[in-house]
>>> print(open('model-v2.tsv').read())   # TSV, C-alpha atoms
chain	number	residue	atom	x	y	z
V	618	MET	CA	0.00	0.00	0.00
V	619	THR	CA	1.47	3.34	-1.07
V	620	THR	CA	1.44	6.10	1.54
V	621	THR	CA	2.10	9.80	1.16
V	622	GLY	CA	3.43	10.54	4.63
V	623	SER	CA	0.35	12.67	5.31
V	624	PRO	CA	-2.52	11.61	7.57
V	625	ALA	CA	-5.35	9.79	5.87
V	626	LEU	CA	-8.53	11.63	5.04
V	627	ASP	CA	-11.24	11.51	7.69
V	628	ALA	CA	-14.27	10.74	5.56
V	629	ARG	CA	-16.64	11.06	8.50
V	630	ALA	CA	-15.44	14.58	9.25
V	631	ILE	CA	-15.60	15.46	5.56
V	632	ARG	CA	-19.25	14.34	5.40
V	633	ALA	CA	-20.13	17.03	7.95
V	634	GLU	CA	-19.19	19.66	5.34
V	635	PHE	CA	-21.72	18.34	2.80
V	636	PRO	CA	-25.34	19.43	3.34
V	637	MET	CA	-26.75	16.32	1.69
V	638	PHE	CA	-25.20	14.12	4.37
V	639	VAL	CA	-26.13	16.43	7.23
V	640	ALA	CA	-29.81	16.64	6.27
V	641	GLN	CA	-32.02	13.99	7.82
V	642	ARG	CA	-34.08	11.74	5.57
V	643	PRO	CA	-37.75	11.47	6.49
V	644	ASP	CA	-37.19	7.89	7.65
V	645	GLY	CA	-34.14	8.90	9.69
V	646	ARG	CA	-31.80	6.49	7.91
V	647	PRO	CA	-28.34	7.56	6.74
V	648	VAL	CA	-27.66	7.99	3.04
V	649	HIS	CA	-25.00	5.67	1.64
V	650	TYR	CA	-24.26	7.58	-1.56
V	651	LEU	CA	-22.23	5.38	-3.92
V	652	ASP	CA	-22.91	7.09	-7.25
V	653	SER	CA	-20.14	9.69	-7.35
V	654	ALA	CA	-18.95	8.55	-10.78
V	655	ALA	CA	-22.25	9.91	-12.10
V	656	THR	CA	-22.15	13.10	-10.04
V	657	SER	CA	-20.53	14.08	-6.76
V	658	GLN	CA	-22.09	15.77	-3.77
V	659	LYS	CA	-21.18	19.41	-3.11
V	660	PRO	CA	-19.58	20.83	0.05
V	661	GLN	CA	-21.13	23.88	1.67
V	662	VAL	CA	-18.23	26.09	0.56
V	663	VAL	CA	-19.11	25.48	-3.10
V	664	LEU	CA	-22.76	26.35	-2.55
V	665	ASP	CA	-21.76	29.43	-0.52
V	666	ALA	CA	-19.42	30.67	-3.25
V	667	MET	CA	-22.10	30.38	-5.91
V	668	ASN	CA	-24.72	32.00	-3.70
V	669	ALA	CA	-22.34	34.86	-2.88
V	670	TYR	CA	-21.87	35.58	-6.57
V	671	TYR	CA	-25.62	35.82	-7.11
V	672	CYS	CA	-26.19	37.86	-3.95
V	673	GLU	CA	-23.17	40.18	-4.09
V	674	THR	CA	-21.84	40.50	-7.64
V	675	ASN	CA	-24.54	39.28	-10.02
V	676	ALA	CA	-23.37	40.96	-13.22
V	677	ASN	CA	-22.20	39.80	-16.61
V	678	VAL	CA	-18.49	39.28	-17.06
V	679	HIS	CA	-15.81	40.87	-19.24
V	680	ARG	CA	-17.96	43.65	-20.73
V	681	GLY	CA	-18.95	45.82	-17.76
V	682	VAL	CA	-16.67	48.56	-16.48
V	683	TYR	CA	-18.54	49.24	-13.23
V	684	GLU	CA	-17.20	47.83	-10.00
V	685	MET	CA	-19.70	45.00	-9.53
V	686	ALA	CA	-19.13	43.72	-13.07
V	687	ALA	CA	-15.38	43.84	-12.55
V	688	GLU	CA	-15.75	41.79	-9.37
V	689	ALA	CA	-17.92	39.26	-11.20
V	690	THR	CA	-15.23	38.95	-13.87
V	691	ASP	CA	-12.56	38.44	-11.22
V	692	ARG	CA	-14.53	35.67	-9.55
V	693	PHE	CA	-15.29	33.99	-12.87
V	694	GLU	CA	-11.69	34.10	-14.07
V	695	SER	CA	-10.48	32.91	-10.66
V	696	GLY	CA	-12.41	29.71	-11.34
V	697	ARG	CA	-10.48	29.25	-14.58
V	698	THR	CA	-7.20	29.96	-12.81
V	699	ALA	CA	-7.94	27.41	-10.09
V	700	ALA	CA	-8.92	24.70	-12.58
V	701	ALA	CA	-5.77	25.29	-14.61
V	702	ARG	CA	-3.61	25.26	-11.49
V	703	LEU	CA	-5.09	21.94	-10.34
V	704	ILE	CA	-3.93	20.17	-13.51
V	705	ASN	CA	-0.72	22.21	-14.01
V	706	HIS	CA	-1.85	23.80	-17.27
V	707	PRO	CA	-1.56	27.34	-18.70
V	708	ARG	CA	-4.72	29.22	-17.78
V	709	GLU	CA	-4.91	30.96	-21.17
V	710	ALA	CA	-5.23	27.54	-22.81
V	711	LEU	CA	-8.07	26.30	-20.61
V	712	VAL	CA	-11.47	26.77	-22.26
V	713	LEU	CA	-14.53	26.68	-20.02
V	714	THR	CA	-17.44	24.65	-21.40
V	715	LYS	CA	-20.67	23.36	-19.94
V	716	ASN	CA	-19.26	19.84	-19.46
V	717	ALA	CA	-16.65	17.40	-20.76
V	718	THR	CA	-18.98	16.24	-23.51
V	719	GLU	CA	-19.16	19.75	-24.94
V	720	ALA	CA	-15.38	20.04	-24.66
V	721	ILE	CA	-14.85	16.92	-26.78
V	722	ASN	CA	-17.46	18.09	-29.27
V	723	LEU	CA	-15.67	21.43	-29.49
V	724	VAL	CA	-12.55	19.66	-30.70
V	725	ALA	CA	-14.48	17.31	-32.99
V	726	TRP	CA	-16.16	20.25	-34.74
V	727	ALA	CA	-13.51	22.96	-34.56
V	728	TRP	CA	-10.66	20.61	-35.47
V	729	GLY	CA	-12.14	17.39	-36.86
V	730	VAL	CA	-14.61	18.75	-39.40
V	731	ARG	CA	-11.97	21.04	-40.86
V	732	GLU	CA	-8.96	18.74	-40.75
V	733	LEU	CA	-10.15	15.17	-41.33
V	734	ARG	CA	-10.18	13.76	-44.85
V	735	GLU	CA	-11.42	10.61	-46.60
V	736	GLY	CA	-9.59	7.58	-45.24
V	737	ASP	CA	-8.19	9.31	-42.14
V	738	GLU	CA	-8.46	7.34	-38.91
V	739	ILE	CA	-9.54	8.14	-35.38
V	740	VAL	CA	-8.49	5.52	-32.83
V	741	VAL	CA	-10.43	5.10	-29.59
V	742	THR	CA	-10.63	2.29	-27.03
V	743	GLU	CA	-13.47	-0.12	-26.36
V	744	MET	CA	-13.88	1.28	-22.84
V	745	GLU	CA	-14.74	4.84	-23.89
V	746	HIS	CA	-17.76	6.74	-22.65
V	747	HIS	CA	-20.14	7.63	-25.48
V	748	SER	CA	-18.88	11.21	-25.22
V	749	ASN	CA	-15.52	10.09	-26.57
V	750	ILE	CA	-17.07	7.95	-29.31
V	751	VAL	CA	-20.17	9.61	-30.73
V	752	PRO	CA	-18.61	12.99	-31.66
V	753	TRP	CA	-15.88	11.18	-33.59
V	754	GLN	CA	-18.44	9.01	-35.35
V	755	ILE	CA	-20.40	12.11	-36.37
V	756	VAL	CA	-17.40	13.92	-37.85
V	757	ALA	CA	-16.13	10.70	-39.44
V	758	ALA	CA	-19.44	10.31	-41.27
V	759	MET	CA	-19.16	13.91	-42.49
V	760	THR	CA	-15.54	13.70	-43.62
V	761	GLY	CA	-15.08	10.11	-44.75
V	762	ALA	CA	-12.78	9.27	-41.85
V	763	LYS	CA	-12.98	5.98	-39.94
V	764	VAL	CA	-13.24	5.27	-36.21
V	765	LEU	CA	-11.17	2.28	-35.06
V	766	PHE	CA	-11.49	0.60	-31.65
V	767	ALA	CA	-8.54	-0.72	-29.66
V	768	PRO	CA	-9.47	-3.95	-27.82
V	769	LEU	CA	-9.18	-4.74	-24.12
V	770	THR	CA	-7.46	-7.49	-22.19
V	771	PRO	CA	-9.55	-10.00	-20.21
V	772	GLN	CA	-8.63	-7.98	-17.11
V	773	GLY	CA	-10.32	-4.88	-18.53
V	774	GLU	CA	-7.23	-2.93	-19.56
V	775	VAL	CA	-6.31	-1.54	-22.97
V	776	GLU	CA	-4.34	-4.04	-25.05
V	777	LEU	CA	-1.38	-1.76	-25.68
V	778	ASP	CA	0.22	-3.88	-28.40
V	779	ALA	CA	-3.05	-3.93	-30.31
V	780	LEU	CA	-3.43	-0.17	-29.84
V	781	ARG	CA	0.10	0.37	-31.12
V	782	ALA	CA	-0.68	-1.76	-34.17
V	783	LEU	CA	-3.82	0.28	-34.93
V	784	ILE	CA	-1.93	3.58	-34.96
V	785	GLY	CA	-0.58	4.11	-38.44
V	786	PRO	CA	0.15	6.70	-41.13
V	787	ARG	CA	-3.56	7.56	-41.56
V	788	THR	CA	-4.17	8.03	-37.83
V	789	ARG	CA	-5.06	11.66	-37.09
V	790	MET	CA	-6.45	11.38	-33.55
V	791	VAL	CA	-6.07	8.93	-30.67
V	792	ALA	CA	-8.75	9.41	-28.00
V	793	ALA	CA	-8.57	7.53	-24.69
V	794	VAL	CA	-10.11	7.73	-21.26
V	795	HIS	CA	-7.74	8.20	-18.31
V	796	VAL	CA	-9.90	6.27	-15.83
V	797	SER	CA	-12.82	4.15	-17.01
V	798	ASN	CA	-16.20	5.12	-15.60
V	799	VAL	CA	-17.27	1.45	-15.79
V	800	LEU	CA	-14.21	-0.69	-15.10
V	801	GLY	CA	-12.26	1.76	-12.94
V	802	THR	CA	-9.17	1.00	-15.04
V	803	ILE	CA	-6.37	3.59	-14.88
V	804	ASN	CA	-4.91	3.77	-18.36
V	805	PRO	CA	-1.23	4.63	-19.02
V	806	VAL	CA	-2.15	7.84	-20.78
V	807	ARG	CA	1.38	9.19	-21.00
V	808	GLU	CA	2.43	6.05	-22.90
V	809	ILE	CA	-0.64	6.29	-25.14
V	810	VAL	CA	0.15	9.93	-25.92
V	811	GLU	CA	3.73	9.03	-26.83
V	812	MET	CA	2.51	6.26	-29.15
V	813	ALA	CA	0.23	8.68	-30.96
V	814	HIS	CA	2.79	11.46	-31.22
V	815	GLN	CA	5.35	9.06	-32.71
V	816	ALA	CA	2.87	8.63	-35.57
V	817	ASP	CA	2.23	12.41	-35.77
V	818	ALA	CA	-1.32	11.92	-34.51
V	819	LEU	CA	-3.06	14.20	-32.03
V	820	THR	CA	-4.45	12.99	-28.70
V	821	MET	CA	-7.59	13.53	-26.65
V	822	ILE	CA	-7.58	12.39	-23.01
V	823	ASP	CA	-10.89	12.12	-21.17
V	824	ALA	CA	-9.86	12.90	-17.60
V	825	THR	CA	-13.41	13.16	-16.26
V	826	GLN	CA	-12.91	10.32	-13.76
V	827	SER	CA	-9.28	11.09	-12.88
V	828	VAL	CA	-9.10	14.82	-12.15
V	829	PRO	CA	-11.55	14.50	-9.20
V	830	HIS	CA	-9.67	11.64	-7.58
V	831	MET	CA	-5.92	11.87	-8.10
V	832	PRO	CA	-3.11	14.26	-9.03
V	833	VAL	CA	-3.33	14.94	-12.77
V	834	ASP	CA	-0.50	16.85	-14.46
V	835	ALA	CA	-1.73	17.77	-17.92
V	836	THR	CA	1.65	19.17	-18.88
V	837	ALA	CA	3.41	15.92	-17.96
V	838	ILE	CA	0.79	13.82	-19.78
V	839	GLY	CA	1.49	15.92	-22.86
V	840	SER	CA	-1.86	15.38	-24.58
V	841	ASP	CA	-2.97	17.86	-27.23
V	842	PHE	CA	-6.42	17.95	-25.64
V	843	LEU	CA	-7.63	16.94	-22.18
V	844	VAL	CA	-11.14	17.36	-20.79
V	845	PHE	CA	-12.82	17.16	-17.38
V	846	THR	CA	-16.05	18.29	-15.75
V	847	GLY	CA	-16.95	20.13	-12.56
V	848	HIS	CA	-19.86	18.12	-11.24
V	849	LYS	CA	-17.77	14.99	-10.65
V	850	MET	CA	-15.15	16.91	-8.65
V	851	LEU	CA	-17.42	18.32	-5.91
V	852	GLY	CA	-18.38	21.28	-8.10
V	853	PRO	CA	-21.62	22.28	-9.82
V	854	THR	CA	-23.19	20.93	-12.96
V	855	GLY	CA	-23.02	23.05	-16.09
V	856	ILE	CA	-19.25	23.63	-16.08
V	857	GLY	CA	-16.40	21.69	-17.67
V	858	ALA	CA	-13.07	22.40	-19.26
V	859	LEU	CA	-10.94	21.75	-22.31
V	860	ALA	CA	-7.23	21.96	-21.60
V	861	ALA	CA	-5.29	22.16	-24.87
V	862	THR	CA	-1.90	23.23	-26.04
V	863	PRO	CA	-1.90	26.94	-26.91
V	864	GLU	CA	-0.61	26.10	-30.37
V	865	ARG	CA	-3.63	23.88	-31.09
V	866	LEU	CA	-6.15	26.42	-29.83
V	867	ASN	CA	-4.55	29.24	-31.80
V	868	ALA	CA	-4.63	27.16	-34.98
V	869	MET	CA	-8.27	26.12	-34.59
V	870	GLU	CA	-11.28	28.10	-35.72
V	871	PRO	CA	-14.23	28.53	-33.34
V	872	PHE	CA	-17.36	26.46	-33.85
V	873	LEU	CA	-19.73	28.72	-31.90
V	874	GLY	CA	-20.10	32.34	-32.93
V	875	GLY	CA	-21.65	35.35	-31.25
V	876	GLY	CA	-20.86	37.71	-28.43
V	877	GLU	CA	-17.69	37.48	-26.34
V	878	MET	CA	-15.65	35.45	-28.83
V	879	ILE	CA	-14.93	38.24	-31.32
V	880	SER	CA	-12.21	40.83	-31.70
V	881	ASP	CA	-14.12	42.80	-34.34
V	882	VAL	CA	-17.23	42.39	-36.46
V	883	THR	CA	-17.85	44.26	-39.71
V	884	THR	CA	-20.23	43.77	-42.59
V	885	GLU	CA	-17.35	42.12	-44.45
V	886	GLY	CA	-16.46	39.57	-41.76
V	887	SER	CA	-15.26	38.97	-38.24
V	888	THR	CA	-12.04	38.38	-36.35
V	889	TRP	CA	-11.68	36.39	-33.18
V	890	ALA	CA	-10.73	37.15	-29.60
V	891	GLU	CA	-7.59	35.66	-28.11
V	892	ILE	CA	-7.65	32.22	-26.56
V	893	PRO	CA	-9.39	30.97	-24.54
V	894	TRP	CA	-12.22	33.45	-25.13
V	895	LYS	CA	-12.58	32.80	-28.85
V	896	PHE	CA	-14.11	29.43	-27.91
V	897	GLU	CA	-16.48	30.85	-25.28
V	898	ALA	CA	-19.34	32.43	-27.22
V	899	GLY	CA	-22.12	34.16	-25.33
V	900	THR	CA	-22.65	34.60	-21.62
V	901	PRO	CA	-20.65	31.86	-19.89
V	902	PRO	CA	-21.69	29.77	-16.85
V	903	ILE	CA	-20.51	32.39	-14.37
V	904	ALA	CA	-21.79	31.08	-11.05
V	905	GLU	CA	-20.74	27.59	-12.12
V	906	ALA	CA	-17.17	28.75	-12.77
V	907	VAL	CA	-17.15	30.37	-9.33
V	908	GLY	CA	-18.34	27.08	-7.84
V	909	LEU	CA	-15.71	25.15	-9.79
V	910	GLY	CA	-13.01	27.37	-8.33
V	911	ALA	CA	-14.31	26.75	-4.82
V	912	ALA	CA	-14.37	22.99	-5.46
V	913	VAL	CA	-10.77	23.06	-6.67
V	914	GLU	CA	-9.70	24.95	-3.56
V	915	TYR	CA	-11.52	22.42	-1.39
V	916	LEU	CA	-9.75	19.50	-3.08
V	917	GLU	CA	-6.40	21.27	-2.90
V	918	ALA	CA	-6.88	21.82	0.82
V	919	LEU	CA	-7.48	18.09	1.26
V	920	GLY	CA	-4.43	17.33	-0.89
V	921	MET	CA	-4.77	15.36	-4.11
V	922	ASP	CA	-2.26	12.74	-2.96
V	923	ARG	CA	-4.45	12.09	0.08
V	924	VAL	CA	-7.57	12.07	-2.09
V	925	ARG	CA	-6.00	9.39	-4.27
V	926	GLU	CA	-4.89	7.33	-1.29
V	927	HIS	CA	-8.41	7.46	0.12
V	928	GLU	CA	-9.78	6.31	-3.22
V	929	ARG	CA	-7.26	3.50	-3.42
V	930	ALA	CA	-8.08	2.30	0.08
V	931	THR	CA	-11.79	2.59	-0.62
V	932	ALA	CA	-11.46	0.60	-3.85
V	933	GLU	CA	-9.52	-2.10	-2.00
V	934	MET	CA	-12.14	-2.36	0.73
V	935	MET	CA	-15.01	-2.35	-1.77
V	936	ILE	CA	-13.48	-5.15	-3.82
V	937	ASP	CA	-12.86	-7.20	-0.68
V	938	ALA	CA	-16.39	-6.57	0.60
V	939	LEU	CA	-18.04	-7.42	-2.70
V	940	GLY	CA	-15.96	-10.58	-2.80
V	941	GLU	CA	-17.96	-11.74	0.24
V	942	VAL	CA	-21.21	-11.68	-1.74
V	943	PRO	CA	-21.95	-15.11	-3.29
V	944	GLY	CA	-22.60	-15.07	-7.01
V	945	LEU	CA	-21.18	-11.57	-7.53
V	946	THR	CA	-18.71	-10.90	-10.36
V	947	ILE	CA	-16.53	-7.79	-10.31
V	948	LEU	CA	-15.61	-6.31	-13.68
V	949	GLY	CA	-12.24	-4.66	-14.28
V	950	PRO	CA	-8.88	-4.87	-12.52
V	951	ARG	CA	-8.74	-6.18	-8.95
V	952	ASP	CA	-5.46	-4.45	-8.09
V	953	PRO	CA	-6.38	-1.15	-6.33
V	954	ASP	CA	-3.14	0.40	-7.60
V	955	ARG	CA	-4.40	-0.03	-11.17
V	956	ARG	CA	-7.92	1.26	-10.73
V	957	GLY	CA	-10.22	3.88	-9.27
V	958	ALA	CA	-13.11	3.41	-6.88
V	959	ALA	CA	-15.86	2.98	-9.47
V	960	VAL	CA	-16.62	-0.74	-9.27
V	961	SER	CA	-19.07	-2.41	-11.65
V	962	PHE	CA	-20.45	-5.87	-11.02
V	963	THR	CA	-23.11	-8.41	-11.90
V	964	LEU	CA	-25.02	-10.57	-9.43
V	965	ASP	CA	-26.22	-14.02	-10.52
V	966	ALA	CA	-29.43	-13.66	-12.52
V	967	VAL	CA	-30.66	-10.49	-10.81
V	968	HIS	CA	-31.12	-7.57	-13.21
V	969	PRO	CA	-28.99	-4.51	-12.34
V	970	HIS	CA	-32.09	-2.28	-12.20
V	971	ASP	CA	-33.67	-4.63	-9.68
V	972	ILE	CA	-30.47	-4.59	-7.64
V	973	ALA	CA	-30.38	-0.79	-7.65
V	974	GLN	CA	-34.02	-0.53	-6.57
V	975	PHE	CA	-33.55	-3.03	-3.77
V	976	LEU	CA	-30.42	-1.26	-2.56
V	977	ASP	CA	-32.27	2.04	-2.62
V	978	SER	CA	-34.82	0.56	-0.21
V	979	LYS	CA	-31.87	0.06	2.16
V	980	GLY	CA	-30.56	3.61	1.74
V	981	VAL	CA	-27.74	2.59	-0.63
V	982	CYS	CA	-27.52	4.66	-3.83
V	983	VAL	CA	-25.82	2.98	-6.80
V	984	ARG	CA	-26.05	3.26	-10.59
V	985	ALA	CA	-27.50	0.61	-12.90
V	986	GLY	CA	-27.43	0.53	-16.69
V	987	HIS	CA	-24.96	0.70	-19.54
V	988	HIS	CA	-23.21	3.76	-18.06
V	989	CYS	CA	-23.02	5.46	-21.48
V	990	ALA	CA	-20.65	2.71	-22.62
V	991	LYS	CA	-22.66	0.39	-24.86
V	992	PRO	CA	-19.67	-0.82	-26.94
V	993	LEU	CA	-17.99	-1.86	-23.69
V	994	MET	CA	-21.13	-3.65	-22.51
V	995	ARG	CA	-21.08	-5.71	-25.70
V	996	VAL	CA	-17.41	-6.58	-25.09
V	997	LEU	CA	-18.34	-7.66	-21.56
V	998	GLY	CA	-21.22	-9.76	-22.90
V	999	THR	CA	-23.94	-7.96	-20.98
V	1000	GLN	CA	-26.48	-5.19	-21.51
V	1001	SER	CA	-25.93	-3.49	-18.17
V	1002	THR	CA	-24.17	-3.66	-14.83
V	1003	THR	CA	-24.54	-2.28	-11.34
V	1004	ARG	CA	-21.88	0.24	-10.33
V	1005	ALA	CA	-20.86	1.54	-6.91
V	1006	SER	CA	-18.53	4.54	-6.92
V	1007	ALA	CA	-16.90	6.51	-4.14
V	1008	HIS	CA	-15.43	9.91	-3.33
V	1009	VAL	CA	-13.74	11.66	-0.43
V	1010	TYR	CA	-16.86	11.40	1.75
V	1011	THR	CA	-17.24	7.62	1.33
V	1012	THR	CA	-16.88	5.78	4.64
V	1013	ASP	CA	-16.31	2.16	5.65
V	1014	GLU	CA	-19.94	2.11	6.76
V	1015	ASP	CA	-21.07	2.92	3.22
V	1016	ILE	CA	-19.20	-0.05	1.82
V	1017	LEU	CA	-20.38	-2.43	4.52
V	1018	ALA	CA	-23.96	-1.27	3.96
V	1019	LEU	CA	-23.51	-2.05	0.26
V	1020	ARG	CA	-22.21	-5.55	1.03
V	1021	ASP	CA	-24.95	-6.34	3.51
V	1022	ALA	CA	-27.69	-5.05	1.22
V	1023	LEU	CA	-26.38	-7.16	-1.67
V	1024	ILE	CA	-26.36	-10.30	0.46
V	1025	GLU	CA	-29.94	-9.56	1.49
V	1026	CYS	CA	-30.79	-8.81	-2.15
V	1027	ARG	CA	-29.80	-12.36	-3.16
V	1028	THR	CA	-32.14	-13.79	-0.56
V	1029	TRP	CA	-34.96	-11.48	-1.57
V	1030	PHE	CA	-34.75	-12.56	-5.20
V	1031	GLY	CA	-34.25	-16.20	-4.31
V	1032	VAL	CA	-30.84	-16.73	-5.88
>>> encode(input="model-v2.tsv", output="structure tokens")
Amino acid sequence: MTTTGSPALDARAIRAEFPMFVAQRPDGRPVHYLDSAATSQKPQVVLDAMNAYYCETNANVHRGVYEMAAEATDRFESGRTAAARLINHPREALVLTKNATEAINLVAWAWGVRELREGDEIVVTEMEHHSNIVPWQIVAAMTGAKVLFAPLTPQGEVELDALRALIGPRTRMVAAVHVSNVLGTINPVREIVEMAHQADALTMIDATQSVPHMPVDATAIGSDFLVFTGHKMLGPTGIGALAATPERLNAMEPFLGGGEMISDVTTEGSTWAEIPWKFEAGTPPIAEAVGLGAAVEYLEALGMDRVREHERATAEMMIDALGEVPGLTILGPRDPDRRGAAVSFTLDAVHPHDIAQFLDSKGVCVRAGHHCAKPLMRVLGTQSTTRASAHVYTTDEDILALRDALIECRTWFGV
């Protein structure tokens, strides 16, 4: 077990800073929230920061010269600065979007539609979220490019030799998830980026499930594009980010036009603002950016090394606990050093939706379905799974409640 030399996180104390865990349910039972891979809960400091913007400095950003508008701009841009600092990336090359899906689509449209040609190839992995598949399929259909899928090992990891063999002279983009939202697999993204760059291909890293849970150094990873989203990292919905190299952003044309993103507009044509603003048309998600900044500061105060160690320990305990449930099959790597704390599983002949509903009756919140990863479900030979996923507020009691409810679930359904 790797240690950082710092004290472990106290998940019980952390829970006290999250209103959802403090509030009493009508039945008085505790909430065992194990769906953080879908969306995380929000600490009070995030809600306070957003409320303060609306109550104290509710003005549009960048355009106003009066004091309140200037303060709103400062708070908004501080959110960008914090997000860039968290991943060690230049702030001027961090574009704020409404989520990671929009960030990937931005690249697919602003780069892919203009640059891809007949016969070009986009390589993705079989474990990708639909957000890192569908945009590439759309632009491939428009341009004549092809989307190729790198296979997985039986352990649920990318088959690196097969990926290397897929990358060739027609490869223009290699898109890979950092941490799988289904399998929990931590992919060697730096190695994948190097493979792609050796073939002069660009790279897109989906860091949606990694940035909230571990130190992520975008500069060290070296990807041309990297995306993440606020609502999975203790921040609000409606805010995400595209971290790209300045050279790529400067070379790309915007795909949304309107206010904010222009330098000048005449009847003959328009010129664009500097990056990152040329990709941020219209009024941005101001309060959400403020909340994102507060979430980053909260995570930084905890320490991302400690956040990762908590996740690792939680994943280890969850895998051990689920191993005590007869008839349960865990999908993805078993080694907690090679995975995150999103653990998908199947249980005998019980449908995942039935499992999730039964667990809900016991106060345990999990996700059931295809998790926006239908190609992966087909590889796994199933239509859906149940998934339990953790964050900094996940306690031992949450995991034990999951185990006990699953054992009772088997009895209830007679398996």
>>> atom_distance(input="model-v2.tsv", atom1="atom CA of V:Met790", atom2="atom CA of V:Thr820")
5.5 Å
>>> closest_atom_pairs(input="model-v2.tsv", of="stretch 910-964 of chain V", to="stretch 830-850 of chain V", cutoff="10 Å", atoms="only C-alpha atoms", output="JSON lines")
{"residue": "V:Gly910", "atom": "CA", "partner": "V:Gly847", "partner_atom": "CA", "distance": 9.3}
{"residue": "V:Ala912", "atom": "CA", "partner": "V:Met850", "partner_atom": "CA", "distance": 6.9}
{"residue": "V:Val913", "atom": "CA", "partner": "V:Met850", "partner_atom": "CA", "distance": 7.8}
{"residue": "V:Tyr915", "atom": "CA", "partner": "V:Met850", "partner_atom": "CA", "distance": 9.8}
{"residue": "V:Leu916", "atom": "CA", "partner": "V:Met850", "partner_atom": "CA", "distance": 8.2}
{"residue": "V:Glu917", "atom": "CA", "partner": "V:Pro832", "partner_atom": "CA", "distance": 9.9}
{"residue": "V:Gly920", "atom": "CA", "partner": "V:Pro832", "partner_atom": "CA", "distance": 8.8}
{"residue": "V:Met921", "atom": "CA", "partner": "V:Pro832", "partner_atom": "CA", "distance": 5.3}
{"residue": "V:Asp922", "atom": "CA", "partner": "V:Pro832", "partner_atom": "CA", "distance": 6.3}
{"residue": "V:Arg923", "atom": "CA", "partner": "V:Met831", "partner_atom": "CA", "distance": 8.3}
{"residue": "V:Val924", "atom": "CA", "partner": "V:His830", "partner_atom": "CA", "distance": 5.9}
{"residue": "V:Arg925", "atom": "CA", "partner": "V:Met831", "partner_atom": "CA", "distance": 4.6}
{"residue": "V:Glu926", "atom": "CA", "partner": "V:Met831", "partner_atom": "CA", "distance": 8.2}
{"residue": "V:His927", "atom": "CA", "partner": "V:His830", "partner_atom": "CA", "distance": 8.9}
{"residue": "V:Glu928", "atom": "CA", "partner": "V:His830", "partner_atom": "CA", "distance": 6.9}
{"residue": "V:Arg929", "atom": "CA", "partner": "V:His830", "partner_atom": "CA", "distance": 9.5}
{"residue": "V:Gly957", "atom": "CA", "partner": "V:His830", "partner_atom": "CA", "distance": 8.0}
{"residue": "V:Ala958", "atom": "CA", "partner": "V:His830", "partner_atom": "CA", "distance": 8.9}
>>> write_last_selection(input="model-v2.tsv", atoms="C-alpha atoms", output="PDB file, keeping the file's coordinate frame")
ATOM      1  CA  GLY V 910     -13.010  27.370  -8.330  1.00  0.00           C
ATOM      2  CA  ALA V 912     -14.370  22.990  -5.460  1.00  0.00           C
ATOM      3  CA  VAL V 913     -10.770  23.060  -6.670  1.00  0.00           C
ATOM      4  CA  TYR V 915     -11.520  22.420  -1.390  1.00  0.00           C
ATOM      5  CA  LEU V 916      -9.750  19.500  -3.080  1.00  0.00           C
ATOM      6  CA  GLU V 917      -6.400  21.270  -2.900  1.00  0.00           C
ATOM      7  CA  GLY V 920      -4.430  17.330  -0.890  1.00  0.00           C
ATOM      8  CA  MET V 921      -4.770  15.360  -4.110  1.00  0.00           C
ATOM      9  CA  ASP V 922      -2.260  12.740  -2.960  1.00  0.00           C
ATOM     10  CA  ARG V 923      -4.450  12.090   0.080  1.00  0.00           C
ATOM     11  CA  VAL V 924      -7.570  12.070  -2.090  1.00  0.00           C
ATOM     12  CA  ARG V 925      -6.000   9.390  -4.270  1.00  0.00           C
ATOM     13  CA  GLU V 926      -4.890   7.330  -1.290  1.00  0.00           C
ATOM     14  CA  HIS V 927      -8.410   7.460   0.120  1.00  0.00           C
ATOM     15  CA  GLU V 928      -9.780   6.310  -3.220  1.00  0.00           C
ATOM     16  CA  ARG V 929      -7.260   3.500  -3.420  1.00  0.00           C
ATOM     17  CA  GLY V 957     -10.220   3.880  -9.270  1.00  0.00           C
ATOM     18  CA  ALA V 958     -13.110   3.410  -6.880  1.00  0.00           C
TER      19      ALA V 958
END
>>> atom_distance(input="model-v2.tsv", atom1="atom CA of V:Ile750", atom2="atom CA of V:Thr788")
15.5 Å
>>> atom_distance(input="model-v2.tsv", atom1="atom CA of V:Leu945", atom2="atom CA of V:Ala1005")
13.1 Å
>>> residues_near_point(input="model-v2.tsv", point="(-13.2, 14.2, -31.6)", cutoff="6 Å", atoms="all atoms listed in the file", output="PDB file with C-alpha atoms, in the frame of the given file")
ATOM      1  CA  ILE V 721     -14.850  16.920 -26.780  1.00  0.00           C
ATOM      2  CA  VAL V 724     -12.550  19.660 -30.700  1.00  0.00           C
ATOM      3  CA  ALA V 725     -14.480  17.310 -32.990  1.00  0.00           C
ATOM      4  CA  PRO V 752     -18.610  12.990 -31.660  1.00  0.00           C
ATOM      5  CA  TRP V 753     -15.880  11.180 -33.590  1.00  0.00           C
TER       6      TRP V 753
END
>>> residues_around(input="model-v2.tsv", residues="V:Ala813", least_positions_apart="5", cutoff="9 Å", atoms="all atoms listed in the file", output="ChimeraX atom specification")
/V:781,784-785,788-791,808,818-820
>>> closest_residue(input="model-v2.tsv", among="V:Ala861, V:Phe872, V:Glu743, V:Met685", to="V:Asn705", atoms="only C-alpha atoms")
V:Ala861
>>> residues_around(input="model-v2.tsv", residues="V:Phe1030", least_positions_apart="3", cutoff="12 Å", atoms="all atoms listed in the file", output="list in words")
Leu964, Asp965, Ala966, Val967, His968, Asp971, Ile972, Phe975, Leu1023, Ile1024, Glu1025, Cys1026 and Arg1027 of chain V
